[in-house]
Every structure is written in C-alpha cells, then in structure tokens.
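What follows is the content of model23.pdb (PDB, C-alpha atoms).
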ATOM      1  CA  MET G   1       8.473 -65.682   9.724  1.00  0.00           C
ATOM      2  CA  THR G   2       6.769 -64.429  12.803  1.00  0.00           C
ATOM      3  CA  ARG G   3       4.459 -66.557  14.860  1.00  0.00           C
ATOM      4  CA  LYS G   4       1.426 -64.760  13.422  1.00  0.00           C
ATOM      5  CA  GLN G   5       2.579 -65.374   9.847  1.00  0.00           C
ATOM      6  CA  LYS G   6       3.174 -69.075  10.548  1.00  0.00           C
ATOM      7  CA  ARG G   7      -0.281 -69.454  12.046  1.00  0.00           C
ATOM      8  CA  LEU G   8      -1.872 -67.653   9.107  1.00  0.00           C
ATOM      9  CA  SER G   9      -0.006 -69.815   6.589  1.00  0.00           C
ATOM     10  CA  VAL G  10      -1.084 -73.016   8.366  1.00  0.00           C
ATOM     11  CA  ILE G  11      -4.716 -71.874   8.422  1.00  0.00           C
ATOM     12  CA  ALA G  12      -4.581 -70.821   4.765  1.00  0.00           C
ATOM     13  CA  GLY G  13      -2.997 -74.141   3.781  1.00  0.00           C
ATOM     14  CA  GLY G  14      -5.685 -76.038   5.667  1.00  0.00           C
ATOM     15  CA  LEU G  15      -8.431 -74.092   3.940  1.00  0.00           C
ATOM     16  CA  VAL G  16      -6.882 -74.757   0.532  1.00  0.00           C
ATOM     17  CA  PHE G  17      -6.643 -78.470   1.355  1.00  0.00           C
ATOM     18  CA  LEU G  18     -10.250 -78.648   2.559  1.00  0.00           C
ATOM     19  CA  GLY G  19     -11.456 -76.748  -0.486  1.00  0.00           C
ATOM     20  CA  ALA G  20      -9.617 -79.092  -2.835  1.00  0.00           C
ATOM     21  CA  ALA G  21     -10.933 -82.173  -1.021  1.00  0.00           C
ATOM     22  CA  THR G  22     -14.495 -80.846  -1.120  1.00  0.00           C
ATOM     23  CA  GLY G  23     -14.217 -79.961  -4.795  1.00  0.00           C
ATOM     24  CA  LEU G  24     -12.889 -83.380  -5.727  1.00  0.00           C
ATOM     25  CA  THR G  25     -15.604 -85.086  -3.674  1.00  0.00           C
ATOM     26  CA  PHE G  26     -18.386 -83.146  -5.369  1.00  0.00           C
ATOM     27  CA  TYR G  27     -16.828 -83.758  -8.773  1.00  0.00           C
ATOM     28  CA  ALA G  28     -16.658 -87.511  -8.124  1.00  0.00           C
ATOM     29  CA  LEU G  29     -20.205 -87.662  -6.758  1.00  0.00           C
ATOM     30  CA  GLY G  30     -21.519 -85.620  -9.656  1.00  0.00           C
ATOM     31  CA  GLN G  31     -20.502 -88.389 -12.022  1.00  0.00           C
ATOM     32  CA  LYS G  32     -22.356 -91.053  -9.992  1.00  0.00           C
ATOM     33  CA  ALA G  33     -25.260 -89.084  -8.536  1.00  0.00           C
ATOM     34  CA  SER G  34     -27.814 -91.303 -10.296  1.00  0.00           C
ATOM     35  CA  TYR G  35     -26.900 -94.222  -8.014  1.00  0.00           C
ATOM     36  CA  PHE G  36     -28.211 -92.473  -4.910  1.00  0.00           C
ATOM     37  CA  TYR G  37     -31.896 -92.491  -4.023  1.00  0.00           C
ATOM     38  CA  MET G  38     -33.901 -90.145  -1.858  1.00  0.00           C
ATOM     39  CA  PRO G  39     -35.897 -91.766   0.970  1.00  0.00           C
ATOM     40  CA  ALA G  40     -39.166 -90.792  -0.751  1.00  0.00           C
ATOM     41  CA  ASP G  41     -38.044 -92.657  -3.882  1.00  0.00           C
ATOM     42  CA  LEU G  42     -37.442 -95.818  -1.871  1.00  0.00           C
ATOM     43  CA  THR G  43     -40.945 -95.821  -0.372  1.00  0.00           C
ATOM     44  CA  THR G  44     -42.601 -95.559  -3.796  1.00  0.00           C
ATOM     45  CA  ALA G  45     -40.498 -98.305  -5.389  1.00  0.00           C
TER
END
Would you mind writing the structure in this file as structure tokens?
Amino acid sequence: MTRKQKRLSVIAGGLVFLGAATGLTFYALGQKASYFYMPADLTTA
C-alpha cells in the first residue's frame, strides 16, 4: 500500500471505531435515560 492508502485506512478505521463507540454509548444510555434529571427538574423537586 502507498503512504496515502495507509493514511486513509487508518482514518477510516478510526471513524468506524468512533462511530461504533458512539452508537453503543447512546444505546446504553437510551436504556437508562430515566435516571438522569435536567437542572430545571432538580429545582422544582
């Protein structure tokens, strides 16, 4: 592979990794979103 192809593959791999990590994070938080409160909710409680 040329230097340009290596750089492109590293960048593409990093983007895939970040996308997967973000997707898993949002999936996990979506299951437990009711445990988080907005600041306005805390002042009224």
Task: Coordinates-based distance that separates CA of Leu15 in chain G from CA of Thr2 in chain G (Å, one decimal) - done: 20.1 Å
- [ ] Give me, please, the distance in Å between CA of Val16 in chain G and CA of Leu29 in chain G, quoted to one decimal.
- [x] 19.9 Å
Open item on the list: To one decimal place in Å, what is the distance between CA of Thr25 in chain G and CA of Tyr37 in chain G?
Closed with: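 Taking CA of Thr25 in chain G and CA of Tyr37 in chain G, their separation equals 17.9 Å.
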As JSON: centre and edge lengths in Å, one decimal, of the axis-aligned box holding range 11-17 of chain G with 3 Å per side:
{"center_x": -5.7, "center_y": -74.6, "center_z": 4.5, "size_x": 11.4, "size_y": 13.6, "size_z": 13.9}
